[in-house]
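The file my_file_18.csv contains CSV, C-alpha atoms and all ligand atoms:
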chain,number,residue,atom,x,y,z
A,1,MET,CA,102.5,88.0,108.8
A,2,PHE,CA,105.9,86.8,107.7
A,3,LEU,CA,107.1,87.2,104.1
A,4,ASN,CA,108.8,83.9,103.2
A,5,ALA,CA,109.5,84.4,99.5
A,6,LEU,CA,109.3,87.3,97.0
A,7,LYS,CA,109.3,87.1,93.2
A,8,LEU,CA,109.5,90.1,91.0
A,9,THR,CA,109.0,90.2,87.2
A,10,ASN,CA,109.7,93.3,85.3
A,11,TYR,CA,109.3,95.5,88.3
A,12,LYS,CA,111.3,98.7,88.0
A,13,ASN,CA,115.0,97.7,87.6
A,14,TYR,CA,114.4,94.0,88.2
A,15,THR,CA,113.7,91.7,85.2
A,16,THR,CA,113.4,88.5,87.2
A,17,VAL,CA,114.4,88.2,90.8
A,18,GLN,CA,113.5,85.8,93.6
A,19,ALA,CA,114.5,85.8,97.2
A,20,VAL,CA,113.7,83.6,100.2
A,21,PHE,CA,113.5,85.2,103.7
A,22,ASP,CA,113.8,83.0,106.8
A,23,LYS,CA,115.1,85.5,109.3
A,24,PRO,CA,113.1,88.0,111.3
A,25,VAL,CA,115.4,90.8,110.2
A,26,VAL,CA,116.4,91.2,106.6
A,27,ILE,CA,119.0,93.8,105.4
A,28,PHE,CA,119.2,95.0,101.8
A,29,CYS,CA,122.5,96.7,101.2
A,30,GLY,CA,124.0,98.2,98.1
A,31,GLN,CA,125.2,101.4,96.5
A,32,ASN,CA,123.0,104.3,95.6
A,33,GLY,CA,120.5,103.6,92.8
A,34,THR,CA,120.9,99.8,92.9
A,35,GLY,CA,117.3,99.1,93.7
A,36,LYS,CA,117.0,98.7,97.5
A,37,THR,CA,114.0,101.0,97.8
A,38,ASN,CA,112.5,99.3,94.7
A,39,MET,CA,112.7,96.0,96.5
A,40,LEU,CA,110.9,97.5,99.6
A,41,ASP,CA,108.4,99.1,97.3
A,42,ALA,CA,107.5,95.7,95.8
A,43,ILE,CA,106.8,94.4,99.3
A,44,TYR,CA,104.7,97.6,100.0
A,45,GLN,CA,102.8,97.1,96.8
A,46,LEU,CA,101.8,93.6,97.8
A,47,SER,CA,100.1,95.0,100.9
A,48,PHE,CA,98.5,98.2,99.5
A,49,CYS,CA,98.1,97.3,95.8
A,50,LYS,CA,100.0,100.5,94.9
A,51,SER,CA,103.5,101.9,95.0
A,52,ASN,CA,104.5,104.1,97.9
A,53,PHE,CA,106.3,106.4,95.5
A,54,GLN,CA,104.9,106.2,92.0
A,55,HIS,CA,101.1,106.7,91.3
A,56,LYS,CA,101.4,105.7,87.6
A,57,ASP,CA,101.6,101.9,87.4
A,58,SER,CA,103.0,102.1,83.9
A,59,LEU,CA,106.2,103.7,85.2
A,60,LEU,CA,106.7,100.7,87.5
A,61,VAL,CA,107.1,98.3,84.6
A,62,THR,CA,110.8,97.8,83.6
A,63,ARG,CA,111.6,100.2,80.8
A,64,GLY,CA,111.0,98.5,77.5
A,65,GLU,CA,108.7,95.8,78.9
A,66,THR,CA,104.9,95.8,78.9
A,67,LEU,CA,103.8,94.2,82.2
A,68,PHE,CA,104.9,93.5,85.7
A,69,ARG,CA,104.1,90.7,88.1
A,70,LEU,CA,104.7,90.5,91.9
A,71,GLU,CA,104.3,87.4,94.0
A,72,GLY,CA,104.6,87.2,97.8
A,73,ASN,CA,104.4,84.0,99.8
A,74,TYR,CA,103.5,84.6,103.4
A,75,GLN,CA,103.0,82.7,106.6
A,76,ASN,CA,100.6,83.7,109.3
A,77,ASP,CA,100.3,81.6,112.5
A,78,GLY,CA,101.4,78.6,110.5
A,79,ASP,CA,98.9,79.2,107.6
A,80,PRO,CA,100.4,79.9,104.1
A,81,HIS,CA,99.1,82.9,102.1
A,82,LYS,CA,99.9,84.1,98.7
A,83,THR,CA,99.4,87.5,97.0
A,84,VAL,CA,99.9,88.1,93.3
A,85,ILE,CA,99.7,91.4,91.6
A,86,LYS,CA,99.8,91.8,87.8
A,87,PHE,CA,99.7,94.9,85.7
A,88,SER,CA,99.9,95.5,82.0
A,89,ALA,CA,99.1,98.7,80.2
A,90,LYS,CA,96.3,97.0,78.3
A,91,THR,CA,94.4,95.4,81.3
A,92,LYS,CA,93.5,96.7,84.7
A,93,LYS,CA,95.6,95.8,87.6
A,94,GLU,CA,94.8,92.3,88.8
A,95,ILE,CA,95.1,91.2,92.5
A,96,GLU,CA,94.9,87.7,93.7
A,97,TYR,CA,94.9,86.6,97.3
A,98,ASP,CA,95.1,82.8,98.0
A,99,GLY,CA,94.1,82.2,94.4
A,100,LYS,CA,91.0,84.3,94.5
A,101,LYS,CA,90.6,87.5,92.4
A,102,ILE,CA,90.2,90.6,94.6
A,103,SER,CA,87.7,93.0,93.0
A,104,LYS,CA,88.1,96.0,95.3
A,105,ILE,CA,91.4,97.2,96.7
A,106,SER,CA,89.7,98.0,100.0
A,107,ASP,CA,89.1,94.3,100.4
A,108,HIS,CA,92.8,93.5,100.2
A,109,VAL,CA,94.3,96.4,102.3
A,110,GLY,CA,94.7,95.2,105.8
A,111,LYS,CA,95.2,91.5,104.9
A,112,ILE,CA,99.0,91.9,105.1
A,113,PRO,CA,99.5,94.8,107.5
A,114,LEU,CA,102.6,96.8,106.9
A,115,VAL,CA,104.3,100.0,108.1
A,116,PHE,CA,106.9,101.7,105.8
A,117,ILE,CA,109.4,104.3,107.1
A,118,GLY,CA,111.6,106.1,104.6
A,119,PRO,CA,113.5,109.3,104.2
A,120,ARG,CA,110.8,111.1,102.2
A,121,ASP,CA,108.4,110.6,105.1
A,122,ILE,CA,110.0,113.5,106.8
A,123,GLN,CA,107.9,115.7,104.5
A,124,LEU,CA,105.0,114.7,106.7
A,125,PHE,CA,106.1,117.7,108.9
A,126,PHE,CA,106.5,120.2,106.0
A,127,ASP,CA,104.2,119.4,103.2
A,128,GLY,CA,100.5,120.3,103.2
A,129,SER,CA,98.0,118.7,105.6
A,130,ILE,CA,97.1,116.2,102.9
A,131,GLU,CA,100.2,114.2,103.9
A,132,ARG,CA,99.2,114.1,107.5
A,133,ARG,CA,95.8,112.9,106.7
A,134,ARG,CA,97.3,110.3,104.4
A,135,PHE,CA,99.4,109.1,107.4
A,136,LEU,CA,96.2,108.7,109.4
A,137,ASP,CA,94.4,107.0,106.5
A,138,THR,CA,97.2,104.5,105.9
A,139,GLY,CA,96.9,103.4,109.5
A,140,LEU,CA,93.2,103.4,109.8
A,141,CYS,CA,92.5,101.5,106.5
A,142,GLN,CA,94.5,98.6,107.8
A,143,ILE,CA,92.6,98.4,111.0
A,144,ASP,CA,89.0,99.0,109.8
A,145,ASN,CA,87.9,97.7,106.5
A,146,GLN,CA,84.9,100.1,106.4
A,147,TYR,CA,87.3,103.1,106.7
A,148,LEU,CA,88.7,103.1,103.1
A,149,HIS,CA,85.3,102.5,101.7
A,150,LYS,CA,83.8,105.5,103.6
A,151,LEU,CA,86.8,107.6,102.6
A,152,VAL,CA,86.4,106.8,98.9
A,153,THR,CA,82.7,107.6,99.2
A,154,TYR,CA,83.4,111.0,100.9
A,155,ASN,CA,86.0,112.0,98.4
A,156,ARG,CA,83.8,111.0,95.4
A,157,ILE,CA,80.9,113.2,96.7
A,158,LEU,CA,83.3,116.0,97.6
A,159,VAL,CA,84.7,116.0,94.0
A,160,GLN,CA,81.1,116.2,92.7
A,161,ARG,CA,80.2,119.1,95.1
A,162,ASN,CA,83.4,121.0,94.2
A,163,SER,CA,82.8,120.6,90.4
A,164,TYR,CA,79.3,121.8,90.8
A,165,LEU,CA,80.5,124.8,92.8
A,166,LYS,CA,82.9,125.6,90.0
A,167,SER,CA,80.2,125.3,87.4
A,168,THR,CA,77.7,127.7,89.0
A,169,SER,CA,77.5,131.1,90.7
A,170,PRO,CA,76.0,132.4,94.0
A,171,HIS,CA,73.0,133.8,92.0
A,172,THR,CA,72.1,130.8,89.9
A,173,ALA,CA,73.0,127.9,92.3
A,174,ASP,CA,70.6,125.0,92.8
A,175,PHE,CA,70.5,124.9,96.6
A,176,ALA,CA,68.5,121.7,96.7
A,177,LEU,CA,71.4,120.0,94.8
A,178,ILE,CA,74.0,121.4,97.2
A,179,GLN,CA,71.8,120.3,100.1
A,180,SER,CA,71.8,116.7,98.7
A,181,TYR,CA,75.6,116.7,98.4
A,182,ASP,CA,75.8,117.9,102.0
A,183,GLU,CA,73.5,115.1,103.2
A,184,GLN,CA,75.6,112.5,101.4
A,185,LEU,CA,78.8,113.8,102.9
A,186,GLU,CA,77.4,113.7,106.5
A,187,ASN,CA,77.5,110.0,107.1
A,188,PRO,CA,81.0,109.1,105.8
A,189,GLY,CA,82.3,112.5,107.2
A,190,LEU,CA,81.1,111.7,110.7
A,191,PHE,CA,82.4,108.1,110.5
A,192,ILE,CA,85.9,109.2,109.4
A,193,TYR,CA,86.0,112.0,112.0
A,194,GLU,CA,85.1,109.6,114.9
A,195,LYS,CA,87.6,107.0,113.6
A,196,ARG,CA,90.4,109.5,113.3
A,197,MET,CA,89.7,111.1,116.7
A,198,ASP,CA,89.8,107.7,118.4
A,199,PHE,CA,92.9,106.6,116.4
A,200,VAL,CA,94.9,109.7,117.3
A,201,ASN,CA,93.9,109.4,121.0
A,202,ARG,CA,95.2,105.9,121.2
A,203,LEU,CA,98.2,106.6,119.0
A,204,SER,CA,99.4,109.6,121.1
A,205,THR,CA,99.4,107.5,124.3
A,206,ILE,CA,101.7,105.0,122.7
A,207,PHE,CA,103.7,107.7,120.9
A,208,ASN,CA,104.7,109.4,124.2
A,209,GLU,CA,106.3,106.2,125.4
A,210,VAL,CA,108.0,105.3,122.1
A,211,TYR,CA,109.4,108.8,121.7
A,212,LYS,CA,110.9,108.7,125.2
A,213,SER,CA,112.5,105.3,124.5
A,214,ILE,CA,114.2,106.4,121.3
A,215,SER,CA,115.3,109.8,122.5
A,216,GLY,CA,116.5,108.4,125.8
A,217,ASN,CA,113.9,110.4,127.7
A,218,LYS,CA,115.4,113.7,126.6
A,219,GLU,CA,112.4,115.5,125.1
A,220,LEU,CA,108.6,115.9,125.5
A,221,ALA,CA,106.8,115.2,122.2
A,222,SER,CA,103.1,115.3,121.4
A,223,CYS,CA,100.7,114.6,118.6
A,224,THR,CA,97.1,115.8,118.5
A,225,TYR,CA,94.2,115.8,116.1
A,226,SER,CA,92.4,118.9,115.0
A,227,SER,CA,89.1,118.9,113.0
A,228,GLN,CA,86.5,121.4,112.2
A,229,LEU,CA,84.0,118.8,113.3
A,230,GLU,CA,85.1,119.1,116.9
A,231,HIS,CA,82.9,122.3,117.2
A,232,GLN,CA,80.0,121.7,114.9
A,233,THR,CA,78.3,118.8,113.0
A,234,LEU,CA,79.3,118.5,109.4
A,235,GLY,CA,75.7,119.3,108.2
A,236,LEU,CA,75.8,122.6,110.1
A,237,LEU,CA,79.3,123.4,109.0
A,238,LEU,CA,78.4,122.9,105.3
A,239,LYS,CA,75.2,124.9,105.6
A,240,GLN,CA,77.0,127.8,107.3
A,241,SER,CA,79.8,127.9,104.8
A,242,ARG,CA,77.5,127.5,101.7
A,243,GLU,CA,77.7,131.1,100.6
A,244,LYS,CA,81.5,131.3,101.1
A,245,ASP,CA,81.9,128.0,99.3
A,246,LEU,CA,79.9,129.3,96.3
A,247,PHE,CA,82.0,132.4,96.3
A,248,LEU,CA,85.3,130.5,96.5
A,249,GLN,CA,84.0,127.6,94.3
A,250,ARG,CA,85.2,124.9,96.7
A,251,THR,CA,84.2,123.1,99.9
A,252,THR,CA,85.9,124.9,102.7
A,253,GLN,CA,84.6,122.8,105.6
A,254,GLY,CA,84.9,119.1,106.4
A,255,ILE,CA,87.2,116.2,107.3
A,256,HIS,CA,89.3,117.0,104.2
A,257,LYS,CA,90.6,119.9,106.3
A,258,ASP,CA,91.6,117.8,109.3
A,259,GLU,CA,95.1,118.4,110.7
A,260,LEU,CA,97.6,116.7,113.0
A,261,VAL,CA,99.5,119.0,115.3
A,262,PHE,CA,103.0,118.1,116.3
A,263,THR,CA,104.9,119.7,119.2
A,264,LEU,CA,108.3,119.2,120.8
A,265,ASN,CA,108.8,120.6,124.3
A,266,ASP,CA,105.6,122.6,123.7
A,267,GLN,CA,107.0,124.3,120.6
A,268,THR,CA,105.9,123.7,117.0
A,269,LEU,CA,108.0,120.8,115.7
A,270,LYS,CA,108.6,122.0,112.1
A,271,GLN,CA,109.9,125.4,113.3
A,272,PHE,CA,112.1,124.3,116.2
A,273,GLY,CA,113.0,120.6,115.6
A,274,SER,CA,116.5,119.6,114.6
A,275,GLU,CA,117.0,117.1,111.8
A,276,GLY,CA,117.7,114.3,114.3
A,277,GLN,CA,114.7,115.3,116.4
A,278,LEU,CA,112.4,115.3,113.4
A,279,LYS,CA,113.7,111.9,112.4
A,280,THR,CA,113.2,110.6,115.9
A,281,PHE,CA,109.7,112.1,115.9
A,282,LEU,CA,108.9,110.4,112.6
A,283,LEU,CA,110.2,107.0,113.7
A,284,ALA,CA,108.3,107.2,117.0
A,285,LEU,CA,105.1,108.1,115.1
A,286,LYS,CA,105.4,105.3,112.6
A,287,LEU,CA,106.4,102.7,115.3
A,288,SER,CA,103.4,103.8,117.4
A,289,MET,CA,101.2,103.2,114.3
A,290,TRP,CA,102.8,99.8,114.0
A,291,GLN,CA,102.0,99.1,117.7
A,292,LEU,CA,98.4,100.4,117.3
A,293,ILE,CA,97.7,98.2,114.3
A,294,LYS,CA,99.1,95.3,116.2
A,295,ASN,CA,96.9,96.0,119.2
A,296,GLU,CA,93.7,96.5,117.1
A,297,THR,CA,94.1,93.6,114.7
A,298,SER,CA,96.2,91.1,116.7
A,299,GLN,CA,98.5,90.8,113.7
A,300,GLN,CA,102.1,91.8,113.5
A,301,PRO,CA,102.6,94.3,110.7
A,302,ILE,CA,105.7,93.9,108.6
A,303,LEU,CA,108.1,96.8,109.1
A,304,LEU,CA,110.0,98.3,106.3
A,305,LEU,CA,112.8,100.7,107.3
A,306,ASP,CA,114.2,102.4,104.2
A,307,ASP,CA,117.5,104.1,104.7
A,308,ILE,CA,116.6,105.7,108.0
A,309,PHE,CA,119.8,105.7,109.8
A,310,ALA,CA,121.6,108.6,108.3
A,311,LYS,CA,121.5,111.7,110.6
A,312,LEU,CA,120.7,109.6,113.7
A,313,ASP,CA,123.5,109.4,116.3
A,314,VAL,CA,124.7,106.0,117.2
A,315,GLU,CA,122.9,106.2,120.6
A,316,ARG,CA,119.5,106.8,118.9
A,317,VAL,CA,120.1,104.0,116.3
A,318,LYS,CA,120.9,101.6,119.2
A,319,ASN,CA,117.9,102.8,121.2
A,320,LEU,CA,115.7,102.4,118.1
A,321,LEU,CA,116.9,98.9,117.3
A,322,SER,CA,116.7,97.8,120.9
A,323,TYR,CA,113.2,99.2,121.2
A,324,ILE,CA,112.2,97.3,118.0
A,325,GLN,CA,113.9,94.2,119.5
A,326,GLU,CA,111.9,94.4,122.7
A,327,THR,CA,108.5,95.3,121.4
A,328,CYS,CA,108.2,94.5,117.7
A,329,ASP,CA,108.1,90.8,117.4
A,330,THR,CA,107.8,91.0,113.7
A,331,GLN,CA,109.6,90.7,110.4
A,332,ILE,CA,111.7,93.8,109.5
A,333,PHE,CA,113.3,94.7,106.2
A,334,ILE,CA,116.0,97.3,106.4
A,335,SER,CA,117.8,99.0,103.6
A,336,ASP,CA,121.2,100.8,104.0
A,337,THR,CA,124.1,101.7,101.8
A,338,ASP,CA,126.4,100.7,104.7
A,339,GLN,CA,126.3,96.9,105.2
A,340,SER,CA,128.1,96.8,108.5
A,341,ARG,CA,126.4,99.8,110.2
A,342,VAL,CA,123.1,97.9,110.9
A,343,SER,CA,124.6,94.5,110.9
A,344,ASP,CA,127.1,95.3,113.7
A,345,ILE,CA,124.4,96.8,115.9
A,346,LEU,CA,122.1,93.8,115.3
A,347,GLU,CA,124.9,91.4,116.2
A,348,SER,CA,125.6,93.3,119.4
A,349,LEU,CA,121.8,93.0,120.2
A,350,SER,CA,121.9,89.3,119.3
A,351,LEU,CA,119.2,89.8,116.7
A,352,SER,CA,119.1,87.1,114.1
A,353,HIS,CA,119.3,88.5,110.6
A,354,ALA,CA,120.3,87.9,107.0
A,355,VAL,CA,122.1,90.4,104.7
A,356,PHE,CA,121.3,90.6,101.0
A,357,GLN,CA,123.6,92.4,98.6
A,358,ILE,CA,121.8,94.2,95.7
A,359,GLU,CA,123.8,95.0,92.6
A,360,ASN,CA,123.5,94.7,88.8
A,361,ASN,CA,119.7,94.3,89.2
A,362,GLN,CA,120.2,91.1,91.2
A,363,ILE,CA,120.0,90.1,94.8
A,364,ALA,CA,122.3,87.7,96.7
A,365,ARG,CA,122.4,86.6,100.3
A,366,ILE,CA,125.9,87.4,101.6
A,367,HIS,CA,125.8,87.1,105.3
A,368,GLU,CA,123.6,85.8,108.2
A,369,ALA,CA,123.9,85.7,111.9
B,401,LIG,N1,110.5,101.5,85.3
B,401,LIG,C1,111.9,101.3,85.5
B,401,LIG,N2,112.6,100.6,84.7
B,401,LIG,C2,113.9,100.4,84.9
B,401,LIG,N3,114.6,100.9,85.9
B,401,LIG,C3,113.9,101.7,86.8
B,401,LIG,C4,112.5,101.9,86.7
B,401,LIG,N4,112.1,102.7,87.7
B,401,LIG,C5,113.2,103.0,88.4
B,401,LIG,N5,114.3,102.4,87.9
B,401,LIG,C6,115.7,102.4,88.4
B,401,LIG,O1,115.7,102.1,89.8
B,401,LIG,C7,116.9,102.8,90.3
B,401,LIG,C8,116.6,103.4,91.6
B,401,LIG,O2,116.4,102.3,92.5
B,401,LIG,P1,116.2,102.6,94.1
B,401,LIG,O3,115.5,103.9,94.3
B,401,LIG,O4,115.5,101.4,94.6
B,401,LIG,O5,117.7,102.7,94.5
B,401,LIG,P2,118.3,102.6,96.0
B,401,LIG,O6,119.2,101.4,96.1
B,401,LIG,O7,117.2,102.7,97.0
B,401,LIG,O8,119.2,103.9,96.0
B,401,LIG,P3,119.6,104.9,97.3
B,401,LIG,O9,120.6,104.3,98.1
B,401,LIG,O10,120.1,106.2,96.6
B,401,LIG,O11,118.3,105.2,98.0
B,401,LIG,C9,117.3,103.9,89.4
B,401,LIG,O12,118.5,103.6,88.8
B,401,LIG,C10,116.2,103.8,88.3
B,401,LIG,O13,116.7,104.1,87.0
B,402,MG,MG,116.7,104.2,98.4
Show how you would write the structure in this file as structure tokens.
Ligand SMILES: Nc1ncnc2c1ncn2[C@@H]1O[C@H](COP(=O)(O)OP(=O)(O)OP(=O)(O)O)[C@@H](O)[C@H]1O
Ligand SMILES: [Mg+2]
Amino acid sequence: MFLNALKLTNYKNYTTVQAVFDKPVVIFCGQNGTGKTNMLDAIYQLSFCKSNFQHKDSLLVTRGETLFRLEGNYQNDGDPHKTVIKFSAKTKKEIEYDGKKISKISDHVGKIPLVFIGPRDIQLFFDGSIERRRFLDTGLCQIDNQYLHKLVTYNRILVQRNSYLKSTSPHTADFALIQSYDEQLENPGLFIYEKRMDFVNRLSTIFNEVYKSISGNKELASCTYSSQLEHQTLGLLLKQSREKDLFLQRTTQGIHKDELVFTLNDQTLKQFGSEGQLKTFLLALKLSMWQLIKNETSQQPILLLDDIFAKLDVERVKNLLSYIQETCDTQIFISDTDQSRVSDILESLSLSHAVFQIENNQIARIHEA
């Protein structure tokens, strides 16, 4: 997929903005707070029908306005495609793909595959396990259109089970009702477990190679999947933990407890990794996801690199960009406060690119090579 043109109306700091992209690498440069990340977020929204940062759509509308509209014109193997997303506080969000209304978000996700890498993603290593499952889910829902559907089903039943556990007590509980929730969780739970297991197995093989390329073969990094379902079926796990769940008033077993375990030179990454190593790890993980989506879907996901070069030494930035040049034959959007940092390296690698300056809520093409 190649984004040829982007049009934003009342999206965050942009009232009306249009840009045409005809180079494989696009750089958005500008000072802090000018709207570089917002521009990338608009591109993200066109793929996932939601912002990467803000869950409340009403806060995405330019302050003082009532609705936003995003339009992306794409090219895939010579075929044009168009996505339009409209939101107003009064109506539900509307999504159109090639002129047809999309009724379920899960039907759109995966049509324009995309991988976003930004500074806040480093929290993947520190925040709760929900962030690491979200990482898996973002990759999987772009590969398998059943995945998001099963995940939504699982989460819906889990919410029902949990609210019932909160409303009852171990002495008065209706075990037949709990059993029926457990049975409904089994099918989507097993589906998600198998998909995640397979995904991480494939991902970790690619990841080893990518990490070596970016770090210059200096460290040994690994990523493994851990799930309670490895030892027991979900049905049995839920049955065995029923009394405990009633006592704690929440579901303690299931795929909503899955984890990703990261190590560097056989030590826990979050305890021993330096800032540069954590960043290298993150980039390698996300680029592996990019590669895996490409392998599984035969599509080239768009790559968004938001302000990722701070804290990386010049050698790693070069390794990263040359890795991307060699393996990612795709469209890449890069944001950076320093116009020349990325541009100079891209020029030394002979990578064709266009630089856009963002200031005063407008975007202007200032350089190309
Ligand atoms: N709903 C909104 N209406 C108007 N402006 C908004 C809205 N939401 C966010 N903004 C503005 O967007 C700006 C931040 O934009 P963004 O995060 O894209 O900046 P940036 O160029 O990526 O900065 P940095 O270099 O610091 O990462 C802020 O000034 C904020 O006020
Ligand atoms: Mg930013």
Q: Record the distance separating atom CA of A:Arg316 and atom CA of A:Gln277, expressed in Å with one decimal.
A: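 Between atom CA of A:Arg316 and atom CA of A:Gln277 the gap is 10.1 Å.
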Q) So which residues are near ligand MG 402 (chain B), meaning at most 8 Å away with all atoms listed in the file counted, given back as a list of chain:residue names? A)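 Based on all atoms listed in the file, ligand MG 402 (chain B) is surrounded within 8 Å by A:Asn32, A:Gly33, A:Gly35, A:Lys36, A:Thr37, A:Asn38, A:Asp306, A:Asp307, A:Ser335, A:Asp336.
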Q. Near A:Gln179, within 10 Å and counting only C-alpha atoms, which residues show up once chain neighbours fewer than 3 positions away are dropped, as JSON, numbers by chain?
A. {"A": [161, 174, 175, 176, 182, 183, 184, 185, 235, 238, 239, 242]}
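Shortest separation to A:Tyr74 among A:Pro170, A:Pro113, A:Gly30, A:Gly139 occurs at residue A:Pro113, atoms counted being only C-alpha atoms.
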Q | Computed interatomic separation between atom CA of A:Asp313 and atom CA of A:Arg341 (Å) | A | 11.7 Å
Output as a Markdown table one row per residue of chain A within 9 Å of ligand LIG 401 (chain B): the closest atom pair and its distance in Å to one decimal place, counting all atoms listed in the file, sorted by chain and residue number ascending.
| residue | atom | partner | partner_atom | distance |
| --- | --- | --- | --- | --- |
| A:Asn10 | CA | B:LIG401 | N2 | 7.9 |
| A:Tyr11 | CA | B:LIG401 | N1 | 6.8 |
| A:Lys12 | CA | B:LIG401 | C1 | 3.7 |
| A:Asn13 | CA | B:LIG401 | N3 | 3.6 |
| A:Tyr14 | CA | B:LIG401 | C2 | 7.2 |
| A:Thr15 | CA | B:LIG401 | C2 | 8.7 |
| A:Phe28 | CA | B:LIG401 | O6 | 8.6 |
| A:Cys29 | CA | B:LIG401 | O6 | 7.7 |
| A:Gly30 | CA | B:LIG401 | O6 | 6.1 |
| A:Gln31 | CA | B:LIG401 | O9 | 5.7 |
| A:Asn32 | CA | B:LIG401 | O9 | 3.5 |
| A:Gly33 | CA | B:LIG401 | O5 | 3.4 |
| A:Thr34 | CA | B:LIG401 | O6 | 4.0 |
| A:Gly35 | CA | B:LIG401 | O4 | 3.1 |
| A:Lys36 | CA | B:LIG401 | O6 | 3.8 |
| A:Thr37 | CA | B:LIG401 | O4 | 3.6 |
| A:Asn38 | CA | B:LIG401 | O4 | 3.7 |
| A:Met39 | CA | B:LIG401 | O4 | 6.4 |
| A:Leu40 | CA | B:LIG401 | O4 | 7.8 |
| A:Asp41 | CA | B:LIG401 | O4 | 7.9 |
| A:Ser58 | CA | B:LIG401 | N1 | 7.7 |
| A:Leu59 | CA | B:LIG401 | N1 | 4.8 |
| A:Leu60 | CA | B:LIG401 | N1 | 4.5 |
| A:Val61 | CA | B:LIG401 | N1 | 4.7 |
| A:Thr62 | CA | B:LIG401 | N2 | 3.5 |
| A:Arg63 | CA | B:LIG401 | N2 | 4.0 |
| A:Gly64 | CA | B:LIG401 | N2 | 7.7 |
| A:Glu65 | CA | B:LIG401 | N2 | 8.5 |
| A:Pro119 | CA | B:LIG401 | O11 | 8.8 |
| A:Asp306 | CA | B:LIG401 | O7 | 7.8 |
| A:Asp307 | CA | B:LIG401 | O11 | 6.8 |
| A:Ser335 | CA | B:LIG401 | O7 | 7.6 |
| A:Asp336 | CA | B:LIG401 | O9 | 6.9 |
| A:Thr337 | CA | B:LIG401 | O9 | 5.7 |
| A:Ile358 | CA | B:LIG401 | O6 | 7.7 |
| A:Glu359 | CA | B:LIG401 | O6 | 8.6 |
| A:Asn361 | CA | B:LIG401 | O1 | 8.8 |
Q.
Could you tell me how far atom CA of A:Leu305 sits from atom CA of A:Ser352, in Å to one decimal place?
A. 16.5 Å
